[in-house]
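Structure data (compact mmCIF, C-alpha atoms) from run28.txt:
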```
# COMPACT_ATOMS: atom_id res chain seq x y z
CA MET P 129 -14.93 -15.32 -39.22
CA THR P 130 -12.94 -12.38 -37.88
CA LEU P 131 -13.01 -10.99 -34.36
CA LEU P 132 -14.97 -7.91 -35.39
CA GLU P 133 -17.47 -9.94 -37.40
CA LEU P 134 -18.13 -12.16 -34.41
CA ILE P 135 -18.67 -9.16 -32.14
CA GLU P 136 -20.98 -7.48 -34.64
CA SER P 137 -23.05 -10.62 -35.10
CA GLY P 138 -23.19 -11.02 -31.33
CA ALA P 139 -24.36 -7.42 -30.93
CA GLN P 140 -27.12 -8.04 -33.44
CA LYS P 141 -28.15 -11.17 -31.54
CA LEU P 142 -28.39 -9.21 -28.29
CA THR P 143 -30.35 -6.44 -30.00
CA ASP P 144 -32.79 -8.87 -31.58
CA ALA P 145 -33.32 -10.56 -28.22
CA LYS P 146 -33.96 -7.18 -26.56
CA VAL P 147 -31.73 -7.87 -23.60
CA SER P 148 -31.28 -5.08 -21.05
CA PHE P 149 -27.98 -3.41 -20.24
CA GLY P 150 -26.65 -1.37 -17.33
CA HIS P 151 -24.38 -3.85 -15.55
CA GLY P 152 -21.11 -2.58 -16.98
CA THR P 153 -22.15 -1.66 -20.51
CA THR P 154 -24.91 0.47 -21.98
CA ASN P 155 -25.29 -0.98 -25.48
CA ALA P 156 -25.28 -4.21 -27.48
CA PHE P 157 -21.91 -3.73 -29.20
CA ASP P 158 -19.99 -3.10 -25.97
CA GLU P 159 -21.71 -6.02 -24.26
CA ALA P 160 -20.91 -8.37 -27.16
CA ALA P 161 -17.30 -7.14 -27.25
CA TRP P 162 -16.96 -7.77 -23.52
CA LEU P 163 -18.27 -11.33 -23.77
CA VAL P 164 -16.33 -12.23 -26.91
CA LEU P 165 -13.01 -10.80 -25.72
CA TRP P 166 -13.40 -12.44 -22.31
CA SER P 167 -14.22 -15.76 -23.94
CA LEU P 168 -11.11 -15.56 -26.10
CA GLY P 169 -8.88 -14.53 -23.22
CA LEU P 170 -8.15 -11.17 -24.85
CA PRO P 171 -7.81 -7.88 -22.91
CA LEU P 172 -11.04 -5.90 -22.75
CA ASP P 173 -9.23 -2.90 -24.24
CA THR P 174 -8.18 -4.83 -27.36
CA PRO P 175 -8.39 -2.30 -30.25
CA LEU P 176 -11.02 -3.17 -32.81
CA ASP P 177 -10.23 -0.36 -35.24
CA GLY P 178 -7.33 1.93 -36.06
CA PRO P 179 -3.73 1.09 -36.94
CA ASP P 180 -3.34 -1.47 -34.13
CA SER P 181 -6.74 -3.05 -34.69
CA LYS P 182 -7.28 -6.73 -33.99
CA GLY P 183 -10.71 -6.56 -35.62
CA ASN P 184 -9.64 -8.44 -38.72
CA MET P 185 -7.97 -11.22 -36.77
CA PRO P 186 -9.32 -14.59 -38.02
CA LEU P 187 -10.76 -16.90 -35.41
CA ALA P 188 -10.52 -20.64 -35.18
CA LEU P 189 -13.85 -22.42 -35.29
CA VAL P 190 -13.46 -23.70 -31.74
CA ASP P 191 -12.91 -20.14 -30.46
CA SER P 192 -15.81 -18.59 -32.32
CA THR P 193 -18.07 -21.44 -31.19
CA GLN P 194 -17.04 -20.92 -27.57
CA ALA P 195 -17.79 -17.20 -27.76
CA ALA P 196 -21.10 -17.81 -29.53
CA THR P 197 -22.09 -20.20 -26.75
CA LEU P 198 -21.45 -17.50 -24.15
CA LEU P 199 -23.50 -14.98 -26.12
CA GLU P 200 -26.32 -17.49 -26.35
CA ALA P 201 -26.18 -17.98 -22.57
CA ARG P 202 -26.52 -14.22 -22.14
CA VAL P 203 -29.70 -14.27 -24.22
CA GLN P 204 -31.25 -17.41 -22.77
CA THR P 205 -30.55 -16.81 -19.07
CA ARG P 206 -30.96 -13.01 -19.11
CA LYS P 207 -28.23 -12.93 -16.46
CA PRO P 208 -25.91 -9.91 -16.41
CA ALA P 209 -22.70 -10.62 -18.30
CA ALA P 210 -20.72 -10.31 -15.07
CA TYR P 211 -22.49 -13.36 -13.66
CA LEU P 212 -21.44 -15.37 -16.71
CA THR P 213 -17.80 -14.25 -16.57
CA HIS P 214 -17.57 -13.86 -12.77
CA GLU P 215 -15.77 -10.59 -13.40
CA ALA P 216 -16.81 -6.96 -13.22
CA TRP P 217 -14.85 -3.74 -13.57
CA LEU P 218 -15.41 -0.53 -11.64
CA GLN P 219 -13.18 2.50 -12.21
CA GLY P 220 -10.58 0.28 -13.86
CA VAL P 221 -10.44 -2.16 -10.94
CA ALA P 222 -11.40 -5.81 -11.49
CA PHE P 223 -13.71 -7.59 -9.05
CA TYR P 224 -15.01 -11.11 -8.67
CA VAL P 225 -18.82 -11.35 -8.71
CA ASP P 226 -21.49 -14.01 -8.69
CA GLU P 227 -25.22 -14.24 -7.96
CA ARG P 228 -24.67 -13.64 -4.24
CA VAL P 229 -24.12 -9.92 -4.87
CA ILE P 230 -25.37 -7.21 -7.18
CA VAL P 231 -23.04 -6.31 -10.03
CA PRO P 232 -20.91 -3.35 -8.84
CA ARG P 233 -21.82 -0.09 -10.59
CA SER P 234 -21.97 2.50 -7.84
CA LEU P 235 -21.41 6.10 -8.85
CA ILE P 236 -19.73 6.61 -5.48
CA ALA P 237 -16.66 4.85 -6.90
CA GLU P 238 -16.43 7.51 -9.58
CA LEU P 239 -16.60 10.28 -6.96
CA ILE P 240 -13.88 8.67 -4.85
CA VAL P 241 -11.45 8.18 -7.72
CA GLU P 242 -12.06 11.59 -9.30
CA GLY P 243 -11.86 13.52 -6.03
CA GLY P 244 -15.52 14.46 -6.02
CA ILE P 245 -15.81 14.30 -2.23
CA ASP P 246 -12.32 15.43 -1.26
CA TYR P 247 -13.50 18.96 -0.42
CA TRP P 248 -15.54 17.62 2.49
CA LEU P 249 -12.82 15.39 3.91
CA GLN P 250 -10.34 16.46 6.57
CA GLU P 251 -6.69 15.79 7.20
CA SER P 252 -7.88 13.72 10.14
CA THR P 253 -10.12 11.50 7.97
CA HIS P 254 -8.87 8.06 8.86
CA THR P 255 -11.77 5.67 9.52
CA VAL P 256 -14.01 4.79 6.59
CA LEU P 257 -17.13 2.62 6.61
CA ASP P 258 -18.56 1.05 3.45
CA LEU P 259 -22.10 0.30 4.62
CA CYS P 260 -23.89 -2.31 2.47
CA THR P 261 -20.53 -3.31 1.02
CA GLY P 262 -21.85 -6.10 -1.23
CA ASN P 263 -18.88 -7.50 -3.12
CA GLY P 264 -16.57 -5.05 -1.36
CA SER P 265 -15.85 -2.88 -4.39
CA LEU P 266 -16.30 0.51 -2.69
CA ALA P 267 -14.26 -0.62 0.31
CA VAL P 268 -11.44 -1.71 -2.00
CA ILE P 269 -11.54 1.45 -4.10
CA ALA P 270 -11.61 3.63 -0.98
CA ALA P 271 -8.62 1.80 0.48
CA LEU P 272 -6.69 2.13 -2.79
CA THR P 273 -7.55 5.82 -3.16
CA TYR P 274 -7.03 6.85 0.47
CA PRO P 275 -3.88 4.98 1.55
CA ASP P 276 -3.84 6.51 5.03
CA THR P 277 -7.24 5.14 6.00
CA VAL P 278 -8.54 1.95 7.54
CA VAL P 279 -11.78 0.68 6.05
CA THR P 280 -14.63 -1.38 7.44
CA GLY P 281 -17.02 -3.08 5.04
CA SER P 282 -20.32 -4.25 6.49
CA ASP P 283 -23.33 -6.06 5.10
CA LEU P 284 -26.38 -7.90 6.38
CA SER P 285 -25.71 -10.75 3.94
CA ALA P 286 -23.14 -13.37 4.93
CA ASP P 287 -23.13 -14.52 1.31
CA ALA P 288 -22.19 -11.04 0.13
CA LEU P 289 -19.41 -10.84 2.70
CA ALA P 290 -17.99 -14.11 1.40
CA VAL P 291 -17.69 -12.51 -2.04
CA ALA P 292 -16.23 -9.34 -0.50
CA ARG P 293 -13.58 -11.49 1.20
CA ILE P 294 -12.53 -12.82 -2.20
CA ASN P 295 -12.05 -9.27 -3.47
CA VAL P 296 -10.26 -7.95 -0.40
CA ASP P 297 -7.83 -10.86 -0.65
CA LYS P 298 -7.55 -10.45 -4.42
CA HIS P 299 -6.26 -6.90 -3.95
CA GLY P 300 -4.06 -7.70 -0.95
CA LEU P 301 -5.93 -5.41 1.44
CA GLN P 302 -6.48 -7.83 4.31
CA ASP P 303 -4.55 -5.56 6.70
CA ARG P 304 -6.57 -2.45 5.85
CA ILE P 305 -10.12 -3.69 5.31
CA THR P 306 -12.20 -5.41 7.97
CA LEU P 307 -15.42 -7.15 6.91
CA LEU P 308 -18.30 -7.44 9.37
CA GLU P 309 -21.85 -8.79 9.30
CA SER P 310 -24.22 -6.10 10.53
CA ASP P 311 -27.81 -4.95 10.09
CA GLY P 312 -27.12 -1.32 9.29
CA LEU P 313 -25.20 0.47 12.03
CA ARG P 314 -26.84 -1.33 14.92
CA SER P 315 -24.34 -4.13 15.48
CA PRO P 316 -22.15 -3.63 18.58
CA VAL P 317 -19.30 -5.31 16.70
CA LEU P 318 -19.52 -2.71 13.94
CA GLN P 319 -19.89 0.16 16.40
CA ALA P 320 -16.67 -0.94 18.08
CA HIS P 321 -14.79 -0.06 14.87
CA GLY P 322 -16.09 3.51 14.92
CA PRO P 323 -16.67 6.31 15.20
CA PHE P 324 -16.29 6.85 11.48
CA ASP P 325 -14.99 9.93 9.67
CA LEU P 326 -16.53 8.91 6.36
CA ILE P 327 -19.44 6.59 5.60
CA LEU P 328 -20.07 5.39 2.06
CA CYS P 329 -23.44 3.78 1.44
CA ASN P 330 -25.05 2.37 -1.68
CA PRO P 331 -28.13 0.93 0.05
CA PRO P 332 -31.21 -0.92 -1.17
CA TYR P 333 -33.28 1.99 -2.49
CA VAL P 334 -35.51 0.73 -5.32
CA ASN P 335 -39.15 1.54 -4.58
CA ALA P 336 -41.75 -1.22 -4.73
CA GLN P 337 -43.31 -0.19 -8.04
CA SER P 338 -39.96 0.16 -9.79
CA LEU P 339 -38.80 -3.17 -8.35
CA ALA P 340 -41.79 -4.93 -9.87
CA GLU P 341 -41.01 -3.43 -13.27
CA LEU P 342 -37.29 -4.24 -13.40
CA PRO P 343 -35.93 -6.15 -16.42
CA ALA P 344 -34.91 -9.77 -15.93
CA GLU P 345 -31.23 -8.84 -15.66
CA TYR P 346 -31.91 -6.82 -12.52
CA ARG P 347 -34.28 -9.42 -11.10
CA ALA P 348 -31.37 -11.88 -11.31
CA GLU P 349 -29.67 -9.87 -8.56
CA PRO P 350 -30.34 -10.39 -4.83
CA THR P 351 -33.60 -8.65 -3.91
CA LEU P 352 -32.18 -7.90 -0.46
CA ALA P 353 -29.65 -5.54 -2.05
CA LEU P 354 -32.24 -3.70 -4.15
CA ALA P 355 -35.59 -3.47 -2.38
CA GLY P 356 -36.07 -0.28 -0.38
CA GLY P 357 -39.74 -0.63 0.53
CA ASN P 358 -42.76 1.24 -0.73
CA ASP P 359 -40.92 4.52 -1.39
CA GLY P 360 -37.39 3.10 -1.47
CA MET P 361 -36.43 4.89 1.74
CA ASP P 362 -36.86 2.17 4.39
CA PHE P 363 -33.16 1.49 4.95
CA VAL P 364 -32.19 5.10 4.27
CA ARG P 365 -34.38 6.25 7.17
CA THR P 366 -32.55 3.89 9.49
CA VAL P 367 -29.14 5.03 8.28
CA LEU P 368 -29.87 8.74 8.68
CA ALA P 369 -31.26 8.15 12.18
CA ASP P 370 -28.34 6.04 13.37
CA ALA P 371 -25.31 7.50 11.55
CA PRO P 372 -24.75 10.65 13.68
CA HIS P 373 -24.24 8.48 16.77
CA HIS P 374 -21.39 6.61 15.10
CA MET P 375 -19.52 9.41 13.33
CA THR P 376 -16.84 11.86 14.38
CA PRO P 377 -17.51 15.61 14.45
CA GLY P 378 -17.19 16.88 10.89
CA GLY P 379 -17.84 13.42 9.49
CA VAL P 380 -19.80 12.98 6.26
CA LEU P 381 -22.08 10.38 4.74
CA VAL P 382 -22.06 9.81 0.97
CA LEU P 383 -25.32 8.16 -0.03
CA GLU P 384 -26.43 6.83 -3.40
CA ILE P 385 -30.18 6.79 -4.10
CA GLY P 386 -30.38 6.27 -7.86
CA ASN P 387 -33.59 7.59 -9.36
CA GLU P 388 -35.30 8.12 -6.01
CA ARG P 389 -34.55 11.82 -5.41
CA HIS P 390 -38.22 12.77 -5.33
CA HIS P 391 -38.91 10.08 -2.75
CA PHE P 392 -35.87 11.15 -0.73
CA GLU P 393 -36.91 14.79 -0.66
CA ALA P 394 -40.46 13.82 0.28
CA ALA P 395 -39.14 11.74 3.18
CA PHE P 396 -36.61 14.32 4.38
CA PRO P 397 -37.95 17.73 3.26
CA HIS P 398 -35.91 19.77 5.75
CA LEU P 399 -32.60 17.90 5.62
CA GLU P 400 -29.73 19.96 4.22
CA VAL P 401 -27.75 17.89 1.73
CA VAL P 402 -25.32 18.45 -1.13
CA TRP P 403 -26.14 16.78 -4.46
CA LEU P 404 -22.94 15.60 -6.11
CA GLU P 405 -22.24 15.75 -9.82
CA THR P 406 -21.61 12.39 -11.47
CA SER P 407 -21.60 11.02 -15.00
CA ALA P 408 -25.28 10.15 -14.46
CA GLY P 409 -26.24 13.68 -13.41
CA GLU P 410 -26.61 15.60 -10.15
CA ASP P 411 -29.51 13.78 -8.53
CA GLN P 412 -28.18 10.25 -7.93
CA VAL P 413 -25.70 10.70 -5.08
CA LEU P 414 -25.83 13.07 -2.13
CA LEU P 415 -23.54 14.08 0.71
CA VAL P 416 -24.78 14.97 4.16
CA THR P 417 -22.79 16.03 7.20
CA ARG P 418 -23.11 14.54 10.64
CA GLU P 419 -24.24 17.90 11.92
CA SER P 420 -27.06 18.11 9.37
CA MET P 421 -28.27 14.64 10.27
CA THR P 422 -28.54 15.57 13.93
CA THR P 423 -31.30 18.05 13.02
CA LEU P 424 -33.55 15.09 12.16
CA GLN P 425 -33.58 14.14 15.83
CA GLN P 426 -34.47 17.55 17.22
```

Any chance you could put this one into structure tokens?
Amino acid sequence: MTLLELIESGAQKLTDAKVSFGHGTTNAFDEAAWLVLWSLGLPLDTPLDGPDSKGNMPLALVDSTQAATLLEARVQTRKPAAYLTHEAWLQGVAFYVDERVIVPRSLIAELIVEGGIDYWLQESTHTVLDLCTGNGSLAVIAALTYPDTVVTGSDLSADALAVARINVDKHGLQDRITLLESDGLRSPVLQAHGPFDLILCNPPYVNAQSLAELPAEYRAEPTLALAGGNDGMDFVRTVLADAPHHMTPGGVLVLEIGNERHHFEAAFPHLEVVWLETSAGEDQVLLVTRESMTTLQQ
């Protein structure tokens, strides 16, 4: 069996099993390629067609069996592929992941790397907070993209922070990223690292009905990192109320809310925000200034 044949048969297996995607890939072929290449120790960008293609490379029985076993685990467990490989990629940066954290996929990373929020930053932007840091991916990407900043990553989950520590160390950013356990912005220890010029937040925002209908792959992730209450806005309300007190003048909050725009606008009908364009559209991530948030308290 060749490499391409194994990937194609794996893709068919995933399709027949009706697994769900969205944790790094969007279709059966890409998911099968990821698992097979990882299993064989090959780079994920190994060409499968064209003049430099490795698609026709014959595989030893032991290698094809090993890859087939991993594909079978994907079907039987319904776990995201990243939990099986303990590796996820976001904007070309590799991260360690396991079941203690959700698989990193935040659109905020895309905005950071592509300069989508640079217009709202200032020359004085120096302190960055990654609120609900999870595995630390946004904190790491922010530190790599903005070399003149210091970054704080906070999370309510001690388990998540343990994974974030692995990733901060993996990328050699121990001197620039501080990790803290905090329930939102209300921890005195976290407040001592502010005020913040920029807050990045990919919070739990899935509403109760949507949470109940999630595919098994998403239910394999920590509920704490997903569940946002009846309308998905429970934690968001707390953040918008607290953030202005812990930000510098001119500071901005970049907030991801997924498919919850209608719930967000219902909860905050008079809040002035900027919807940011991403590869998933213009209604998934918003930016709000400190000054706009203060109007909620008037």

- Item | Who sits within 10 Å of Trp162 of chain P, all atoms listed in the file, same chain under 6 positions skipped, as a VMD selection string | chain P and resid 135 152 to 153 156 170 to 173 209 to 210 213

Pull C-alpha atoms from the residues just selected and write them as a compact mmCIF listing (two decimals), keeping the file's coordinate frame.
```
# COMPACT_ATOMS: atom_id res chain seq x y z
CA ILE P 135 -18.67 -9.16 -32.14
CA GLY P 152 -21.11 -2.58 -16.98
CA THR P 153 -22.15 -1.66 -20.51
CA ALA P 156 -25.28 -4.21 -27.48
CA LEU P 170 -8.15 -11.17 -24.85
CA PRO P 171 -7.81 -7.88 -22.91
CA LEU P 172 -11.04 -5.90 -22.75
CA ASP P 173 -9.23 -2.90 -24.24
CA ALA P 209 -22.70 -10.62 -18.30
CA ALA P 210 -20.72 -10.31 -15.07
CA THR P 213 -17.80 -14.25 -16.57
```

- Minimum-distance residue to Pro323 of chain P, chosen among P:Thr376, P:Thr366, P:Ser310, P:Gln250 (using all atoms listed in the file): P:Thr376

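Considering all atoms listed in the file, the residue among P:Leu342, P:Leu142, P:Val229, P:Leu235 positioned nearest to Val382 of chain P is P:Leu235.
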
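Here the question is which of P:Asn330, P:Ser315, P:Thr253, P:Asn263 gets nearest to Ala222 of chain P using only C-alpha atoms, and that residue is P:Asn263.
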
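For the atom pair formed by atom CA of Phe149 of chain P and atom CA of Pro208 of chain P, the distance is 7.8 Å, given to one decimal.
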
- Message: Can you pull out the residues contacting Glu242 of chain P? Cut-off 12 Å, using only C-alpha atoms, and skip same-chain residues under 4 positions away; I want them as a list in words.
- Response: Gln219, Leu235, Ile236, Ala237, Glu238, Asp246, Tyr247, Ile269, Ala270, Thr273, Tyr274, Glu405, Thr406 and Ser407 of chain P

Output file for the selection above: C-alpha atoms, as a short mmCIF file (atom, residue, chain, number, x, y, z; two decimals), keeping the file's coordinate frame:
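Result saved to selection.cif:
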```
data_model
loop_
_atom_site.label_atom_id
_atom_site.label_comp_id
_atom_site.auth_asym_id
_atom_site.auth_seq_id
_atom_site.Cartn_x
_atom_site.Cartn_y
_atom_site.Cartn_z
CA GLN P 219 -13.18 2.50 -12.21
CA LEU P 235 -21.41 6.10 -8.85
CA ILE P 236 -19.73 6.61 -5.48
CA ALA P 237 -16.66 4.85 -6.90
CA GLU P 238 -16.43 7.51 -9.58
CA ASP P 246 -12.32 15.43 -1.26
CA TYR P 247 -13.50 18.96 -0.42
CA ILE P 269 -11.54 1.45 -4.10
CA ALA P 270 -11.61 3.63 -0.98
CA THR P 273 -7.55 5.82 -3.16
CA TYR P 274 -7.03 6.85 0.47
CA GLU P 405 -22.24 15.75 -9.82
CA THR P 406 -21.61 12.39 -11.47
CA SER P 407 -21.60 11.02 -15.00
#
```

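One finds atom CA of Gly264 of chain P at 10.5 Å from atom CA of Val279 of chain P.
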
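Shortest separation to Ala160 of chain P among P:Arg365, P:Lys141, P:Lys298, P:Arg314 occurs at residue P:Lys141, atoms counted being only C-alpha atoms.
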
- Distance query Gln140 of chain P at most 12 Å, all atoms listed in the file, self and fewer than 3 positions along chain excluded, as a VMD selection string: chain P and resid 133 to 137 143 to 147 155 to 161 199 to 200 203

Please write out, as AutoDock Vina command-line options, where the centre of an axis-aligned box around all listed atoms of segment 162-177 of chain P lies and how long its edges are, in Å to one decimal, after adding 5 Å on each side.
```
--center_x -13.0 --center_y -8.1 --center_z -28.8 --size_x 20.5 --size_y 25.4 --size_z 22.9
```

- Which one is closest to Ala290 of chain P: P:Gly379, P:Gly262, P:Pro316, P:Pro275? Count all atoms listed in the file. P:Gly262

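For the pair atom CA of Leu326 of chain P and atom CA of Asp287 of chain P, the interatomic distance is 24.9 Å.
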
Because some atoms of segment 169-186 of chain P are absent here, can you restore N, CA, C and O atoms and send them as a short mmCIF file (atom, residue, chain, number, x, y, z; two decimals), keeping the file's coordinate frame?
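To be explicit, this is the file written out as rebuild_35.cif:
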```
data_model
loop_
_atom_site.label_atom_id
_atom_site.label_comp_id
_atom_site.auth_asym_id
_atom_site.auth_seq_id
_atom_site.Cartn_x
_atom_site.Cartn_y
_atom_site.Cartn_z
N GLY P 169 -10.03 -14.81 -24.06
CA GLY P 169 -8.88 -14.53 -23.22
C GLY P 169 -8.11 -13.30 -23.65
O GLY P 169 -6.92 -13.17 -23.35
N LEU P 170 -8.78 -12.40 -24.37
CA LEU P 170 -8.15 -11.17 -24.85
C LEU P 170 -8.45 -10.02 -23.90
O LEU P 170 -9.52 -9.98 -23.28
N PRO P 171 -7.55 -9.04 -23.76
CA PRO P 171 -7.81 -7.88 -22.91
C PRO P 171 -9.07 -7.15 -23.37
O PRO P 171 -9.36 -7.07 -24.57
N LEU P 172 -9.80 -6.59 -22.41
CA LEU P 172 -11.04 -5.90 -22.75
C LEU P 172 -10.79 -4.60 -23.51
O LEU P 172 -11.71 -4.06 -24.14
N ASP P 173 -9.56 -4.10 -23.48
CA ASP P 173 -9.23 -2.90 -24.24
C ASP P 173 -8.57 -3.22 -25.58
O ASP P 173 -7.91 -2.37 -26.19
N THR P 174 -8.72 -4.45 -26.05
CA THR P 174 -8.18 -4.83 -27.36
C THR P 174 -8.74 -3.90 -28.44
O THR P 174 -9.96 -3.76 -28.57
N PRO P 175 -7.88 -3.22 -29.23
CA PRO P 175 -8.39 -2.30 -30.25
C PRO P 175 -9.08 -3.05 -31.39
O PRO P 175 -8.58 -4.05 -31.89
N LEU P 176 -10.25 -2.54 -31.75
CA LEU P 176 -11.02 -3.17 -32.81
C LEU P 176 -11.02 -2.35 -34.09
O LEU P 176 -11.57 -2.79 -35.11
N ASP P 177 -10.43 -1.17 -34.03
CA ASP P 177 -10.23 -0.36 -35.24
C ASP P 177 -8.96 0.45 -35.07
O ASP P 177 -8.31 0.40 -34.04
N GLY P 178 -8.57 1.16 -36.11
CA GLY P 178 -7.33 1.93 -36.06
C GLY P 178 -6.13 1.13 -36.50
O GLY P 178 -6.25 -0.05 -36.85
N PRO P 179 -4.94 1.74 -36.42
CA PRO P 179 -3.73 1.09 -36.94
C PRO P 179 -3.34 -0.19 -36.20
O PRO P 179 -2.72 -1.07 -36.77
N ASP P 180 -3.69 -0.29 -34.91
CA ASP P 180 -3.34 -1.47 -34.13
C ASP P 180 -4.52 -2.43 -33.96
O ASP P 180 -4.52 -3.28 -33.08
N SER P 181 -5.50 -2.28 -34.83
CA SER P 181 -6.74 -3.05 -34.69
C SER P 181 -6.51 -4.55 -34.79
O SER P 181 -5.72 -5.03 -35.59
N LYS P 182 -7.25 -5.26 -33.93
CA LYS P 182 -7.28 -6.73 -33.99
C LYS P 182 -8.60 -7.20 -34.61
O LYS P 182 -8.91 -8.39 -34.62
N GLY P 183 -9.39 -6.24 -35.11
CA GLY P 183 -10.71 -6.56 -35.62
C GLY P 183 -10.72 -7.56 -36.75
O GLY P 183 -11.65 -8.36 -36.87
N ASN P 184 -9.69 -7.53 -37.58
CA ASN P 184 -9.64 -8.44 -38.72
C ASN P 184 -8.93 -9.76 -38.41
O ASN P 184 -8.67 -10.55 -39.32
N MET P 185 -8.64 -9.99 -37.16
CA MET P 185 -7.97 -11.22 -36.77
C MET P 185 -8.90 -12.42 -37.00
O MET P 185 -10.03 -12.46 -36.49
N PRO P 186 -8.46 -13.42 -37.79
CA PRO P 186 -9.32 -14.59 -38.02
C PRO P 186 -9.39 -15.45 -36.78
O PRO P 186 -8.43 -15.56 -36.01
#
```
